[in-house]
Amino acid sequence: MKRYHLIATDSVQVPKIDSIGFADDPRITRYGPSVRNQYIIHYVLSGKGHFNGNRVAEGEGFLIVPGMREEYDPDEKDPWKFLWIISEDPAMQVFFSRHGANEKTGIFKFYNKYEFERIVNLLTSAPSSFSTTAQLSEMFLHIFNACVERNMTPQSSVTKIYFNFAVNYIKTNLPSPISVAELCDAIGITQPYLYKIFKKETKMSPKQYISSCKIFKAKELLAHTELSISLVAKSVGYENVLDFSKFFSKQTNLSPTVYRNTCC
């Protein structure tokens with residue numbers, strides 16, 4: 001996973017995720033009756049069981065909201081295996097509403113089983129790799145992306161989520177080189193789709209937006225700090241000061257030194 005943290009933006013934000021896991025032991029895939037103050041999602045990947053008295057099978061999941069009475073247990077003959085997500089962030093309400101769950105039972109269907117299996121393989125092969133807020137949020141986006149594909153979620157809302165996530169990623173990782181391919185990998189979408197989103201939201205390509213963010217930050221540091229040109233370069237992802245100077249000059253028609261001397 002990548003090196004960054006999330007910053008909430010606008011009205012649609014990626015919620016803070018407390019934990020994500022996979023369970024296949026019938027001794028621990030049962031719970032309740034109880035009440036918890038958390039938002040919890042279960043995705044049943046195989047087998048079946050019951051949630052609050054309602055049957056849940058492979059390809060289905062169920063939602064739990066804070067203060068809700070919950071009780072679930074695996075089928076004795078064909079016990080379920082499921083992926084679970086836990087969060088206390090109220091921002092989860094938006095994502096819950098987009099799972100297309102039955103209003104009475106909280107049960108929903110999902111379809112992209114291959115993607116869920118890939119996620120489980122990642123979780124089980126390197127569980128320690130998903131421990132920070134950023135890593136959990138990134139994994140949550142991948143899961144949501146897999147689930148939302150066939151559920152009735154407004155496309156405009158989905159693209160806004162991806163856009164906000166991408167902007168947060170770029171702004172937080174300015175001190176590092178950022179490629180469009182890396183950005184797509186972090187979000188879990190294709191480059192053409194990312195390009196379409198950025199064109200719609202900013203009138204720029206993702207590459208142009210990354211460059212504009214780096215230039216904005218570089219100008220800010222040159223104008224308002226006494227950092228050396230070399231440190232300014234490193235602050236926007238350039239280890240080589242000559243490469244930074246070429247980049248800055250191409251974007252502004254001024255060298256970093258000339259810009260500093262003329263703007264201050």
# chains A, B, ... in the order shown; residues from 1 in each chain; ligands from 1
>>> residues_around(residues="region 64-80 of chain A", least_positions_apart="5", cutoff="10 Å", atoms="only C-alpha atoms", output="ChimeraX atom specification")
/A:23-58,86-88,90,92-93,96,105-107
>>> residues_around(residues="Ala166 (chain A)", least_positions_apart="6", cutoff="12 Å", atoms="only C-alpha atoms", output="short mmCIF file (atom, residue, chain, number, x, y, z; two decimals) with C-alpha atoms, in the first residue's frame")
data_model
loop_
_atom_site.label_atom_id
_atom_site.label_comp_id
_atom_site.auth_asym_id
_atom_site.auth_seq_id
_atom_site.Cartn_x
_atom_site.Cartn_y
_atom_site.Cartn_z
CA TYR A 4 -0.19 8.85 2.65
CA HIS A 5 -3.05 9.88 4.88
CA LEU A 6 -6.49 11.13 4.00
CA ILE A 7 -7.93 14.58 4.48
CA ALA A 8 -11.71 15.04 4.30
CA THR A 9 -12.86 17.25 1.44
CA GLN A 13 -15.42 11.84 1.97
CA VAL A 14 -13.80 8.50 2.58
CA GLU A 138 -7.48 2.70 0.57
CA LEU A 141 -12.19 2.15 -1.45
CA THR A 159 -16.81 9.86 -9.29
CA LYS A 160 -16.85 12.57 -6.63
CA THR A 172 -0.46 14.61 0.80
CA ASN A 173 2.25 12.99 -1.31
CA ILE A 178 3.57 10.75 -8.15
CA SER A 179 2.66 8.96 -11.37
CA VAL A 180 -0.81 8.64 -12.87
CA ALA A 181 -0.39 4.85 -12.80
CA GLU A 182 0.34 4.96 -9.06
CA LEU A 183 -2.71 7.14 -8.50
CA CYS A 184 -4.95 4.72 -10.39
CA ASP A 185 -3.54 1.81 -8.42
CA ALA A 186 -4.27 3.57 -5.13
CA ILE A 187 -7.89 4.23 -6.08
CA GLY A 188 -8.52 1.01 -7.98
CA ILE A 189 -9.71 2.50 -11.28
CA LEU A 194 -9.36 8.79 -13.92
CA TYR A 195 -8.67 11.05 -16.90
CA ILE A 197 -13.01 12.32 -13.83
CA PHE A 198 -10.29 14.97 -13.73
CA GLU A 201 -13.87 18.23 -12.27
CA PRO A 206 -4.43 14.01 -13.87
CA LYS A 207 -0.82 14.69 -14.93
CA TYR A 209 -3.28 18.56 -12.05
CA ILE A 210 -0.32 16.91 -10.31
#
>>> select_by_dssp(residues="region 199-243 of chain A", states="alpha helix (DSSP H)", output="PyMOL selection string")
chain A and resi 199-202+206-224+229-235+241-243
>>> atom_distance(atom1="CA of Lys81 (chain A)", atom2="CA of Phe116 (chain A)")
11.9 Å
>>> closest_residue(among="A:Cys213, A:Leu174, A:Ile85, A:Ile20", to="Thr124 (chain A)", atoms="only C-alpha atoms")
A:Ile20
>>> residues_around(residues="Phe244 (chain A)", least_positions_apart="6", cutoff="9 Å", atoms="only C-alpha atoms", output="PDB file with C-alpha atoms, in the first residue's frame")
ATOM      1  CA  ILE A 229      16.090  25.733  -3.898  1.00  0.00           C
ATOM      2  CA  SER A 230      17.275  22.189  -3.241  1.00  0.00           C
ATOM      3  CA  VAL A 232      12.045  23.318  -2.173  1.00  0.00           C
ATOM      4  CA  ALA A 233      12.698  20.791  -4.929  1.00  0.00           C
ATOM      5  CA  LYS A 234      12.603  17.895  -2.465  1.00  0.00           C
ATOM      6  CA  VAL A 236       7.612  18.740  -4.242  1.00  0.00           C
ATOM      7  CA  GLY A 237       9.123  15.388  -5.163  1.00  0.00           C
ATOM      8  CA  TYR A 238      12.362  16.282  -6.954  1.00  0.00           C
ATOM      9  CA  PRO A 256      13.049  29.217  -9.270  1.00  0.00           C
TER      10      PRO A 256
END
>>> select_by_dssp(residues="region 39-158 of chain A", states="strand (DSSP E or B)", output="ChimeraX atom specification")
/A:39-46,48-51,54-57,60-64,69-74,79,81-87,107-109
>>> closest_residue(among="A:Asn168, A:Ala223, A:Ser212, A:Phe110", to="Phe248 (chain A)", atoms="only C-alpha atoms")
A:Ser212
>>> atom_distance(atom1="CA of Ser255 (chain A)", atom2="CA of Thr225 (chain A)")
16.6 Å
>>> atom_distance(atom1="CA of Gly59 (chain A)", atom2="CA of Ala91 (chain A)")
24.7 Å
